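Everything below belongs to work36.txt, which stores compact mmCIF, C-alpha atoms.
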# COMPACT_ATOMS: atom_id res chain seq x y z
CA MET A 1 -15.54 -24.75 87.01
CA GLN A 2 -18.80 -23.97 85.20
CA SER A 3 -18.09 -22.20 81.90
CA GLY A 4 -19.79 -19.04 80.71
CA ALA A 5 -20.92 -18.19 77.19
CA ASN A 6 -20.02 -15.01 75.34
CA LEU A 7 -23.38 -14.76 73.60
CA PRO A 8 -26.25 -12.23 73.70
CA GLY A 9 -29.18 -13.07 75.94
CA LEU A 10 -27.20 -15.13 78.45
CA GLY A 11 -26.61 -12.38 81.00
CA SER A 12 -28.34 -14.05 83.93
CA TYR A 13 -26.55 -17.34 83.29
CA ASN A 14 -23.15 -15.67 83.02
CA ARG A 15 -23.92 -13.69 86.15
CA SER A 16 -24.49 -16.91 88.08
CA VAL A 17 -21.25 -18.37 86.71
CA VAL A 18 -19.23 -15.33 87.79
CA LEU A 19 -20.87 -15.21 91.21
CA GLY A 20 -20.23 -18.94 91.61
CA ALA A 21 -16.55 -18.50 90.74
CA ILE A 22 -16.17 -15.77 93.36
CA GLN A 23 -17.95 -17.81 95.99
CA GLU A 24 -15.98 -20.99 95.31
CA ALA A 25 -12.60 -19.31 95.31
CA GLY A 26 -13.15 -17.32 98.48
CA GLY A 27 -10.96 -14.58 96.97
CA ILE A 28 -10.33 -14.08 93.25
CA SER A 29 -9.44 -11.39 90.73
CA ARG A 30 -11.31 -10.40 87.57
CA VAL A 31 -8.51 -11.83 85.42
CA GLU A 32 -8.72 -15.18 87.21
CA ILE A 33 -12.50 -15.25 86.81
CA ALA A 34 -12.11 -14.79 83.05
CA GLU A 35 -9.53 -17.58 82.92
CA LEU A 36 -11.72 -19.97 84.90
CA THR A 37 -15.02 -19.28 83.15
CA GLY A 38 -13.91 -18.63 79.57
CA LEU A 39 -15.74 -15.31 79.56
CA THR A 40 -14.11 -12.23 78.07
CA ALA A 41 -12.49 -9.70 80.39
CA GLN A 42 -15.10 -7.15 79.30
CA THR A 43 -18.02 -9.44 80.17
CA VAL A 44 -16.51 -10.24 83.56
CA SER A 45 -15.90 -6.55 84.25
CA VAL A 46 -19.51 -5.63 83.48
CA ILE A 47 -20.94 -8.43 85.64
CA VAL A 48 -18.62 -7.69 88.56
CA ARG A 49 -19.52 -4.00 88.45
CA ARG A 50 -23.20 -4.90 88.78
CA LEU A 51 -22.52 -7.33 91.62
CA LEU A 52 -20.58 -4.60 93.43
CA GLU A 53 -23.44 -2.15 92.93
CA GLU A 54 -25.91 -4.68 94.34
CA GLY A 55 -23.69 -5.28 97.35
CA LEU A 56 -23.34 -9.00 96.77
CA VAL A 57 -19.60 -8.75 96.19
CA ARG A 58 -16.94 -6.53 97.71
CA GLU A 59 -13.33 -5.68 96.94
CA VAL A 60 -11.03 -6.80 99.75
CA GLY A 61 -7.56 -5.72 98.72
CA ALA A 62 -5.06 -6.45 95.99
CA GLU A 63 -2.32 -8.94 95.16
CA PRO A 64 0.78 -8.65 92.94
CA SER A 65 0.25 -9.53 89.28
CA GLY A 66 3.80 -10.28 88.17
CA GLY A 67 5.04 -6.79 87.45
CA GLY A 68 1.80 -5.17 86.26
CA LYS A 69 -0.97 -3.40 88.09
CA PRO A 70 -1.97 -5.25 91.29
CA ARG A 71 -5.10 -7.34 90.88
CA THR A 72 -8.08 -6.43 93.03
CA ILE A 73 -9.47 -9.39 94.99
CA LEU A 74 -13.22 -10.01 95.09
CA ARG A 75 -15.23 -11.88 97.70
CA VAL A 76 -18.90 -12.48 98.35
CA ASP A 77 -20.19 -10.26 101.15
CA PRO A 78 -21.82 -12.59 103.70
CA GLU A 79 -23.79 -9.67 105.14
CA ALA A 80 -25.37 -8.83 101.79
CA GLY A 81 -28.45 -10.90 102.47
CA HIS A 82 -30.00 -14.07 103.83
CA ALA A 83 -31.80 -17.14 102.55
CA VAL A 84 -34.15 -19.65 104.13
CA GLY A 85 -33.67 -23.37 103.60
CA VAL A 86 -36.44 -25.88 104.27
CA HIS A 87 -36.06 -29.66 104.25
CA PHE A 88 -39.29 -31.67 104.30
CA ASP A 89 -39.22 -35.42 104.72
CA PRO A 90 -42.54 -37.10 105.57
CA GLY A 91 -42.71 -36.96 109.35
CA GLU A 92 -40.14 -34.21 109.90
CA ILE A 93 -39.32 -30.71 108.74
CA HIS A 94 -36.25 -28.51 109.21
CA TYR A 95 -35.75 -24.78 108.68
CA VAL A 96 -32.64 -22.64 108.65
CA LEU A 97 -32.02 -18.95 108.11
CA ALA A 98 -28.47 -18.45 106.82
CA ASP A 99 -26.29 -15.60 105.60
CA LEU A 100 -24.52 -15.68 102.26
CA ALA A 101 -21.45 -17.34 103.75
CA GLY A 102 -23.63 -20.29 104.79
CA ARG A 103 -23.53 -19.42 108.48
CA PRO A 104 -26.75 -20.46 110.25
CA VAL A 105 -28.49 -17.56 111.94
CA ARG A 106 -31.59 -19.40 113.20
CA VAL A 107 -32.59 -23.07 113.04
CA ARG A 108 -35.91 -24.78 113.67
CA ARG A 109 -36.93 -28.40 113.60
CA GLY A 110 -40.28 -30.06 114.12
CA ALA A 111 -42.50 -33.04 113.51
CA VAL A 112 -45.07 -32.99 110.75
CA ARG A 113 -47.73 -35.50 109.77
CA GLY A 114 -46.58 -37.76 106.98
CA ASP A 115 -49.93 -37.30 105.22
CA VAL A 116 -49.89 -33.50 105.44
CA GLU A 117 -51.59 -31.76 102.50
CA PRO A 118 -49.36 -29.49 100.39
CA GLU A 119 -51.51 -26.44 101.12
CA ALA A 120 -51.26 -27.08 104.86
CA LEU A 121 -47.50 -27.54 104.65
CA ALA A 122 -47.14 -24.29 102.71
CA ARG A 123 -49.07 -22.40 105.39
CA ARG A 124 -46.93 -23.95 108.09
CA VAL A 125 -43.72 -23.03 106.27
CA GLY A 126 -44.99 -19.48 105.79
CA GLY A 127 -45.54 -19.11 109.52
CA ALA A 128 -42.19 -20.66 110.39
CA VAL A 129 -40.35 -18.33 108.02
CA ARG A 130 -41.99 -15.29 109.59
CA ARG A 131 -40.99 -16.49 113.05
CA LEU A 132 -37.42 -17.16 111.94
CA LEU A 133 -37.05 -13.65 110.59
CA SER A 134 -38.66 -12.11 113.65
CA GLU A 135 -36.45 -14.03 116.07
CA ALA A 136 -33.32 -13.15 114.12
CA GLY A 137 -34.29 -9.51 113.62
CA VAL A 138 -33.81 -9.86 109.85
CA ALA A 139 -35.92 -7.59 107.65
CA ARG A 140 -37.85 -9.22 104.82
CA GLU A 141 -36.08 -7.11 102.22
CA ARG A 142 -32.80 -8.73 103.30
CA VAL A 143 -34.05 -12.20 102.35
CA MET A 144 -33.34 -13.37 98.81
CA GLY A 145 -35.57 -16.40 98.75
CA VAL A 146 -36.66 -19.76 100.12
CA GLY A 147 -35.32 -23.13 99.02
CA LEU A 148 -37.27 -26.34 99.60
CA ALA A 149 -35.66 -29.78 99.53
CA CYS A 150 -38.31 -32.51 99.44
CA PRO A 151 -38.96 -35.99 98.01
CA GLY A 152 -39.26 -36.19 94.24
CA PRO A 153 -39.81 -36.64 91.38
CA ILE A 154 -40.02 -32.91 90.73
CA ASP A 155 -41.06 -31.00 87.64
CA GLN A 156 -38.35 -28.34 87.82
CA ARG A 157 -39.87 -26.22 85.08
CA GLY A 158 -43.30 -26.01 86.69
CA GLY A 159 -42.23 -26.28 90.31
CA ASN A 160 -44.54 -29.23 90.92
CA VAL A 161 -43.99 -32.38 92.95
CA VAL A 162 -44.95 -35.30 90.68
CA PHE A 163 -46.47 -38.34 92.38
CA PRO A 164 -44.02 -38.63 95.30
CA PRO A 165 -44.15 -42.20 96.64
CA GLN A 166 -44.60 -41.35 100.32
CA LEU A 167 -47.05 -38.48 99.74
CA GLY A 168 -50.18 -39.77 98.04
CA SER A 169 -52.03 -36.43 98.16
CA TRP A 170 -49.15 -34.54 96.55
CA ALA A 171 -49.70 -35.70 92.96
CA GLU A 172 -48.82 -32.72 90.73
CA ALA A 173 -48.81 -30.43 93.78
CA PRO A 174 -47.71 -26.90 92.72
CA ILE A 175 -45.49 -26.59 95.77
CA ARG A 176 -43.31 -23.77 94.42
CA ASP A 177 -46.33 -21.55 93.82
CA LEU A 178 -47.92 -22.51 97.14
CA LEU A 179 -44.75 -21.65 99.06
CA GLY A 180 -44.33 -18.44 97.10
CA GLU A 181 -47.84 -17.34 98.10
CA ALA A 182 -47.35 -18.41 101.73
CA THR A 183 -43.96 -16.75 102.22
CA GLY A 184 -44.00 -13.86 99.75
CA PHE A 185 -40.51 -14.83 98.53
CA PRO A 186 -39.13 -16.41 95.36
CA VAL A 187 -38.91 -20.17 95.85
CA ALA A 188 -36.60 -22.86 94.46
CA VAL A 189 -37.59 -26.53 94.80
CA GLU A 190 -35.10 -29.38 94.69
CA ASN A 191 -35.21 -33.13 95.17
CA ASP A 192 -33.83 -33.74 98.65
CA ALA A 193 -31.23 -36.26 97.53
CA THR A 194 -30.00 -34.00 94.73
CA ALA A 195 -29.82 -31.09 97.17
CA ALA A 196 -27.73 -33.26 99.48
CA ALA A 197 -25.36 -34.14 96.64
CA ILE A 198 -24.95 -30.48 95.67
CA GLY A 199 -24.21 -29.63 99.30
CA GLU A 200 -21.62 -32.40 99.41
CA ARG A 201 -19.97 -30.96 96.31
CA TRP A 202 -19.94 -27.43 97.72
CA ALA A 203 -18.83 -28.09 101.27
CA GLY A 204 -18.17 -31.77 101.91
CA LEU A 205 -16.37 -34.83 100.64
CA GLY A 206 -17.33 -34.11 97.04
CA ARG A 207 -15.16 -31.00 96.87
CA THR A 208 -12.15 -33.11 95.89
CA ALA A 209 -13.94 -35.71 93.74
CA ALA A 210 -14.71 -35.03 90.08
CA SER A 211 -17.25 -37.86 89.85
CA PHE A 212 -19.21 -39.21 92.78
CA ALA A 213 -22.56 -40.67 93.73
CA TYR A 214 -24.50 -39.57 96.79
CA VAL A 215 -26.82 -42.23 98.17
CA TYR A 216 -29.48 -40.66 100.40
CA LEU A 217 -31.30 -42.66 103.07
CA GLY A 218 -34.33 -40.91 104.47
CA THR A 219 -37.95 -42.03 104.60
CA GLY A 220 -37.16 -43.45 101.17
CA ILE A 221 -33.90 -43.90 99.28
CA GLY A 222 -32.66 -41.55 96.56
CA GLY A 223 -29.48 -40.23 95.09
CA GLY A 224 -27.53 -37.48 93.43
CA LEU A 225 -24.81 -37.75 90.84
CA PHE A 226 -21.82 -35.59 89.89
CA LEU A 227 -19.94 -36.49 86.72
CA ASP A 228 -16.76 -34.65 85.77
CA GLY A 229 -17.51 -31.87 88.23
CA ARG A 230 -21.10 -31.22 87.17
CA ILE A 231 -24.40 -32.31 88.59
CA TYR A 232 -26.07 -34.82 86.29
CA ARG A 233 -29.84 -34.42 86.13
CA GLY A 234 -30.99 -36.34 83.05
CA ARG A 235 -33.63 -35.30 80.54
CA SER A 236 -36.46 -34.90 83.07
CA LEU A 237 -34.06 -33.46 85.68
CA ASN A 238 -34.77 -36.41 87.97
CA ALA A 239 -31.71 -38.62 87.43
CA ALA A 240 -30.06 -40.83 90.07
CA GLU A 241 -33.15 -42.54 91.51
CA PHE A 242 -30.90 -45.17 93.02
CA GLY A 243 -33.68 -46.39 95.27
CA HIS A 244 -35.41 -47.98 92.28
CA ILE A 245 -32.66 -50.32 91.19
CA THR A 246 -33.95 -53.88 91.54
CA VAL A 247 -31.82 -55.94 93.93
CA VAL A 248 -34.28 -58.74 94.82
CA PRO A 249 -36.00 -59.80 91.57
CA ASP A 250 -38.77 -61.72 93.36
CA GLY A 251 -38.88 -59.26 96.26
CA PRO A 252 -41.73 -57.14 97.58
CA ALA A 253 -43.66 -54.88 95.25
CA CYS A 254 -42.45 -51.30 95.09
CA HIS A 255 -44.70 -48.28 94.61
CA CYS A 256 -42.81 -47.51 91.39
CA GLY A 257 -44.20 -50.64 89.71
CA ASN A 258 -41.11 -52.85 90.02
CA ARG A 259 -40.40 -55.56 92.54
CA GLY A 260 -37.51 -55.81 94.97
CA CYS A 261 -36.22 -52.24 94.56
CA VAL A 262 -33.58 -50.98 96.98
CA GLU A 263 -36.20 -48.73 98.53
CA ALA A 264 -38.68 -51.57 98.92
CA VAL A 265 -36.25 -53.67 100.96
CA CYS A 266 -33.96 -51.08 102.59
CA ARG A 267 -36.14 -48.14 103.60
CA PRO A 268 -36.72 -47.64 107.34
CA ALA A 269 -40.27 -49.00 107.26
CA ALA A 270 -39.09 -52.21 105.59
CA ILE A 271 -36.28 -52.69 108.11
CA VAL A 272 -38.60 -52.15 111.07
CA ALA A 273 -41.14 -54.57 109.60
CA ALA A 274 -38.46 -57.24 109.15
CA VAL A 275 -37.23 -56.83 112.74
CA ARG A 276 -40.76 -57.05 114.14
CA GLU A 277 -41.41 -60.17 112.08
CA ARG A 278 -38.34 -61.85 113.56
CA LEU A 279 -39.26 -60.77 117.08
CA ALA A 280 -42.72 -62.27 116.63
CA ALA A 281 -41.19 -65.72 116.12
CA PRO A 282 -41.20 -68.06 119.14
CA GLY A 283 -38.04 -67.84 121.23
CA ALA A 284 -36.85 -64.58 119.72
CA GLY A 285 -34.25 -62.92 121.91
CA GLY A 286 -32.14 -59.82 121.94
CA THR A 287 -32.46 -56.40 123.53
CA LEU A 288 -35.61 -55.52 121.58
CA ALA A 289 -37.62 -58.61 122.52
CA ALA A 290 -38.95 -57.17 125.78
CA LEU A 291 -40.01 -53.96 124.08
CA TYR A 292 -41.77 -55.90 121.37
CA ALA A 293 -43.61 -58.04 123.93
CA LYS A 294 -44.98 -54.91 125.63
CA ASP A 295 -45.93 -53.10 122.43
CA PRO A 296 -44.57 -53.84 118.94
CA ARG A 297 -44.91 -50.14 118.09
CA ARG A 298 -42.12 -49.39 120.57
CA VAL A 299 -39.69 -51.15 118.25
CA THR A 300 -38.94 -48.02 116.25
CA TYR A 301 -36.39 -47.44 113.53
CA ALA A 302 -34.12 -45.42 115.82
CA ARG A 303 -34.16 -48.23 118.40
CA VAL A 304 -33.45 -50.82 115.73
CA LEU A 305 -30.40 -48.89 114.52
CA ALA A 306 -29.12 -48.35 118.06
CA ALA A 307 -29.57 -52.04 118.87
CA ALA A 308 -27.81 -53.04 115.65
CA ALA A 309 -24.87 -50.79 116.48
CA ASP A 310 -24.69 -52.41 119.93
CA GLY A 311 -24.56 -55.87 118.39
CA ASP A 312 -28.11 -57.06 118.97
CA GLU A 313 -28.38 -60.24 116.89
CA VAL A 314 -31.85 -59.65 115.45
CA ALA A 315 -31.42 -55.96 114.69
CA ALA A 316 -27.88 -56.31 113.38
CA GLY A 317 -28.88 -59.19 111.13
CA VAL A 318 -31.70 -57.24 109.50
CA VAL A 319 -29.66 -54.07 109.11
CA ARG A 320 -26.72 -55.97 107.60
CA THR A 321 -29.03 -57.67 105.12
CA ALA A 322 -30.42 -54.28 104.09
CA ALA A 323 -26.88 -52.90 103.82
CA GLU A 324 -25.92 -55.84 101.57
CA ARG A 325 -28.81 -55.12 99.22
CA LEU A 326 -27.81 -51.45 99.15
CA ALA A 327 -24.25 -52.56 98.40
CA ASP A 328 -25.49 -54.62 95.43
CA ALA A 329 -26.93 -51.45 93.90
CA VAL A 330 -23.86 -49.35 94.67
CA VAL A 331 -21.51 -51.86 93.03
CA GLY A 332 -23.61 -51.63 89.88
CA ILE A 333 -23.50 -47.83 89.98
CA VAL A 334 -19.72 -47.83 90.42
CA ASN A 335 -19.22 -50.31 87.59
CA MET A 336 -21.44 -48.35 85.24
CA LEU A 337 -20.04 -44.87 85.94
CA ASP A 338 -16.42 -45.47 87.07
CA LEU A 339 -16.71 -43.12 90.04
CA ASP A 340 -14.11 -41.69 92.39
CA LEU A 341 -16.28 -41.67 95.48
CA VAL A 342 -19.56 -42.89 96.95
CA VAL A 343 -21.06 -40.82 99.76
CA LEU A 344 -23.74 -42.23 102.05
CA GLY A 345 -25.91 -39.71 103.83
CA GLY A 346 -29.30 -38.87 105.26
CA PRO A 347 -31.09 -39.44 108.55
CA GLY A 348 -31.76 -43.09 107.68
CA LEU A 349 -28.18 -44.05 108.53
CA GLY A 350 -28.48 -43.07 112.18
CA ALA A 351 -26.54 -45.05 114.74
CA ALA A 352 -25.87 -47.83 112.21
CA ALA A 353 -23.98 -45.60 109.76
CA GLU A 354 -20.80 -47.64 110.09
CA ILE A 355 -22.63 -50.89 109.37
CA PHE A 356 -23.93 -49.42 106.11
CA ARG A 357 -20.59 -47.86 105.21
CA GLY A 358 -18.51 -50.91 106.02
CA THR A 359 -20.80 -53.25 104.11
CA VAL A 360 -20.93 -51.05 101.02
CA ALA A 361 -17.19 -50.34 101.13
CA GLY A 362 -16.39 -54.03 101.39
CA ALA A 363 -18.58 -54.86 98.40
CA VAL A 364 -17.09 -52.10 96.26
CA ALA A 365 -13.53 -53.09 97.21
CA SER A 366 -14.09 -56.77 96.33
CA ARG A 367 -16.56 -56.61 93.43
CA ALA A 368 -16.04 -53.40 91.45
CA ILE A 369 -14.62 -54.29 88.04
CA ALA A 370 -11.85 -51.66 88.18
CA ARG A 371 -10.80 -52.46 91.75
CA ARG A 372 -7.27 -53.48 90.71
CA LEU A 373 -6.74 -50.13 89.00
CA ARG A 374 -7.80 -47.86 91.81
CA THR A 375 -9.76 -47.70 95.03
CA VAL A 376 -13.22 -46.17 95.10
CA ARG A 377 -13.79 -44.54 98.47
CA VAL A 378 -17.04 -45.07 100.35
CA GLU A 379 -17.66 -42.51 103.07
CA VAL A 380 -20.44 -41.24 105.31
CA SER A 381 -21.29 -37.58 104.79
CA GLY A 382 -20.20 -35.27 107.58
CA LEU A 383 -22.64 -32.58 106.52
CA ALA A 384 -25.81 -31.84 108.41
CA SER A 385 -27.65 -28.89 109.78
CA PRO A 386 -26.59 -27.58 113.21
CA ASP A 387 -29.30 -29.71 114.77
CA GLY A 388 -28.16 -32.83 112.98
CA GLY A 389 -30.87 -32.72 110.38
CA SER A 390 -31.04 -31.71 106.78
CA PRO A 391 -28.64 -31.21 103.89
CA PRO A 392 -27.53 -27.93 102.38
CA PRO A 393 -29.96 -26.19 100.06
CA ARG A 394 -29.27 -24.33 96.85
CA ARG A 395 -27.28 -21.18 96.36
CA TRP A 396 -28.82 -17.76 95.94
CA GLY A 397 -28.30 -14.55 93.99
CA ARG A 398 -30.27 -11.33 94.23
CA ARG A 399 -33.45 -11.34 92.09
CA ARG A 400 -32.41 -14.54 90.30
CA TRP A 401 -31.34 -17.97 91.47
CA CYS A 402 -27.65 -18.58 90.90
CA SER A 403 -27.29 -22.35 90.77
CA THR A 404 -24.40 -23.60 88.70
CA GLY A 405 -24.28 -26.94 90.46
CA ARG A 406 -20.54 -26.48 90.89
CA SER A 407 -19.52 -24.02 93.57
CA ARG A 408 -19.91 -24.08 97.30
CA PRO A 409 -23.18 -22.76 98.70
CA MET A 410 -23.76 -19.13 99.42
CA SER A 411 -26.25 -20.28 102.00
CA ALA A 412 -26.22 -23.72 103.45
CA LEU A 413 -27.96 -25.63 106.14
Would you write out, as structure tokens, the structure that this file holds?
Amino acid sequence: MQSGANLPGLGSYNRSVVLGAIQEAGGISRVEIAELTGLTAQTVSVIVRRLLEEGLVREVGAEPSGGGKPRTILRVDPEAGHAVGVHFDPGEIHYVLADLAGRPVRVRRGAVRGDVEPEALARRVGGAVRRLLSEAGVARERVMGVGLACPGPIDQRGGNVVFPPQLGSWAEAPIRDLLGEATGFPVAVENDATAAAIGERWAGLGRTAASFAYVYLGTGIGGGLFLDGRIYRGRSLNAAEFGHITVVPDGPACHCGNRGCVEAVCRPAAIVAAVRERLAAPGAGGTLAALYAKDPRRVTYARVLAAAADGDEVAAGVVRTAAERLADAVVGIVNMLDLDLVVLGGPGLGAAAEIFRGTVAGAVASRAIARRLRTVRVEVSGLASPDGGSPPPRRWGRRRWCSTGRSRPMSAL
């Protein structure tokens, strides 16, 4: 559990810690909050009183306290407000309006040009948010904010996207300010892979793992990292760029400046290109050959994954090779950090999720240095939005963001 600090000037931080403890527990007393957070009983009492006054928390009964006065149980009130989550991956965008218990109220999904300008995206998000609220009959004053999960790196302090590899026109784009102007709400911006890892910790496989890596496969490849129960961000707050571990030293050039990065050889575009190259060879067979002969563009990533899952020789061979390169990186991550769990997630897994999982799991089981001491699980995330899309966004608190990186989400996709 995230710890508080009994020092002046840390009220907003302590408030988020207390709210996170209540949300994670699902039902907890003031005494238990103090024990979990390390805050004094007086500090907890003051913060809880304010949360009750704001309507974020409610008292839901009492439980015996071992002979003393019964302890009043606190829970987050799911009807206290709403939040909007947005996940943007070049080519696709997802929206969800959720209550504070993480229950989706309205969901939208749509295509978007991969070269969309940040200003145009902000206007589009602003319109989508207004439609979501109108359709759901939710008043603006009931919405606490908007959270955007998008490709990084991200300057968390300034709210800017910093030279994202798939978005050439987004260099230093002030996306937080643009979305704030377009929606009229406070905005939090998070790297999509980190957001996915936080969601996994709150509501997925990561709830029972103190240390785990989340490997995200989308348009590119990224990651999130929890160590000893806390999100690890690094000095620039952009840690866990697993996609830029070199796995083929003389491989193709990567946009980051290295060669043979995981992303350069395993991202969807690279897999599709490799399949098309094989299909172009004389005598190429398989279920995709006829499609390729009619129009190479019809050999899409989704069709490659489906064909691989069905055993198509060409598609399965390329996907397995990509999975092996991903496994090389994961083994290195496991050896370096001594993790409990590796979670694979993101839309890039598609129909071939089990090929990726099985390949990575096999490599970790046979090559991790501590394999004789314990087993490191490799699993596919079961979390997604109701439409099968994006990962959970950040957690919210009234007037201020309450992100401890530890508890389950108060609003999740």
**Study point:** Nearest to Ala139 (chain A) by atom-to-atom distance, counting only C-alpha atoms, from A:Leu179, A:Ala193, A:Ala83, A:Val262
**Key:** A:Ala83
Skip Ile355 (chain A) itself and residues of its chain fewer than 6 positions away, then list as an mmCIF file with C-alpha atoms, in the frame of the given file all residues within 9 Å of it, counting only C-alpha atoms.
data_model
loop_
_atom_site.group_PDB
_atom_site.id
_atom_site.type_symbol
_atom_site.label_atom_id
_atom_site.label_comp_id
_atom_site.auth_asym_id
_atom_site.auth_seq_id
_atom_site.Cartn_x
_atom_site.Cartn_y
_atom_site.Cartn_z
ATOM 1 C CA ALA A 308 -27.810 -53.040 115.650
ATOM 2 C CA ALA A 309 -24.870 -50.790 116.480
ATOM 3 C CA ALA A 316 -27.880 -56.310 113.380
ATOM 4 C CA VAL A 319 -29.660 -54.070 109.110
ATOM 5 C CA ARG A 320 -26.720 -55.970 107.600
ATOM 6 C CA ALA A 323 -26.880 -52.900 103.820
ATOM 7 C CA LEU A 349 -28.180 -44.050 108.530
#
Practice item. Can you work out which one of A:Phe163, A:Phe212, A:Phe185, A:Phe356 has the shortest atom-to-atom distance to Gly126 (chain A), counting only C-alpha atoms? Key: A:Phe185
**Study point:** Counting only C-alpha atoms, the residue of A:Glu79, A:Glu263, A:Gly199, A:Gly218 that sits nearest Glu92 (chain A)
**Key:**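 Nearest to Glu92 (chain A): A:Gly218.
The gap separating CA of Leu279 (chain A) from CA of Tyr292 (chain A) is 7.0 Å, in Å to one decimal.
Near region 224-240 of chain A, within a cut-off of 6 Å and counting only C-alpha atoms, sit the residues Ala193, Thr194, Ala197, Ala210, Ser211, Phe212, Ala213, Tyr214, Phe242 and Gly405 of chain A, with same-chain residues fewer than 2 positions away left out.
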**Study point:** Å distance separating CA of Val76 (chain A) from CA of Gly145 (chain A), one decimal place
**Key:**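 Between CA of Val76 (chain A) and CA of Gly145 (chain A) the gap works out to 17.1 Å.
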Check your understanding: So which residues touch Val318 (chain A) within 10 Å, counting all atoms listed in the file, skipping near sequence neighbours fewer than 5 positions away, as a VMD selection string?
Key -> chain A and resid 266 270 to 275 278 304 to 305 308 313 323 to 324
Point to revise | Residue nearest Val146 (chain A) among A:Val129, A:Val187, A:Val265, A:Ala203 (counting only C-alpha atoms) | key: A:Val187
Counting only C-alpha atoms, which residues of region 30-125 of chain A fall within 9 Å of region 366-385 of chain A, and what is the closest atom pair for each with its distance in Å at one decimal, ordered by chain and rising number, as CSV?
residue,atom,partner,partner_atom,distance
A:His94,CA,A:Ser385,CA,8.6
A:Val96,CA,A:Ser385,CA,8.1
A:Pro104,CA,A:Ser385,CA,8.5
A:Val107,CA,A:Ser385,CA,8.3
Exercise for review: Could you give me, as a list in words, the residues within 9 Å of Ala80 (chain A), counting all atoms listed in the file and dropping anything in the same chain fewer than 4 positions from it?
Suggested key: Glu54, Gly55, Leu56, Val57, Val76, Asp99, Leu100 and Arg142 of chain A
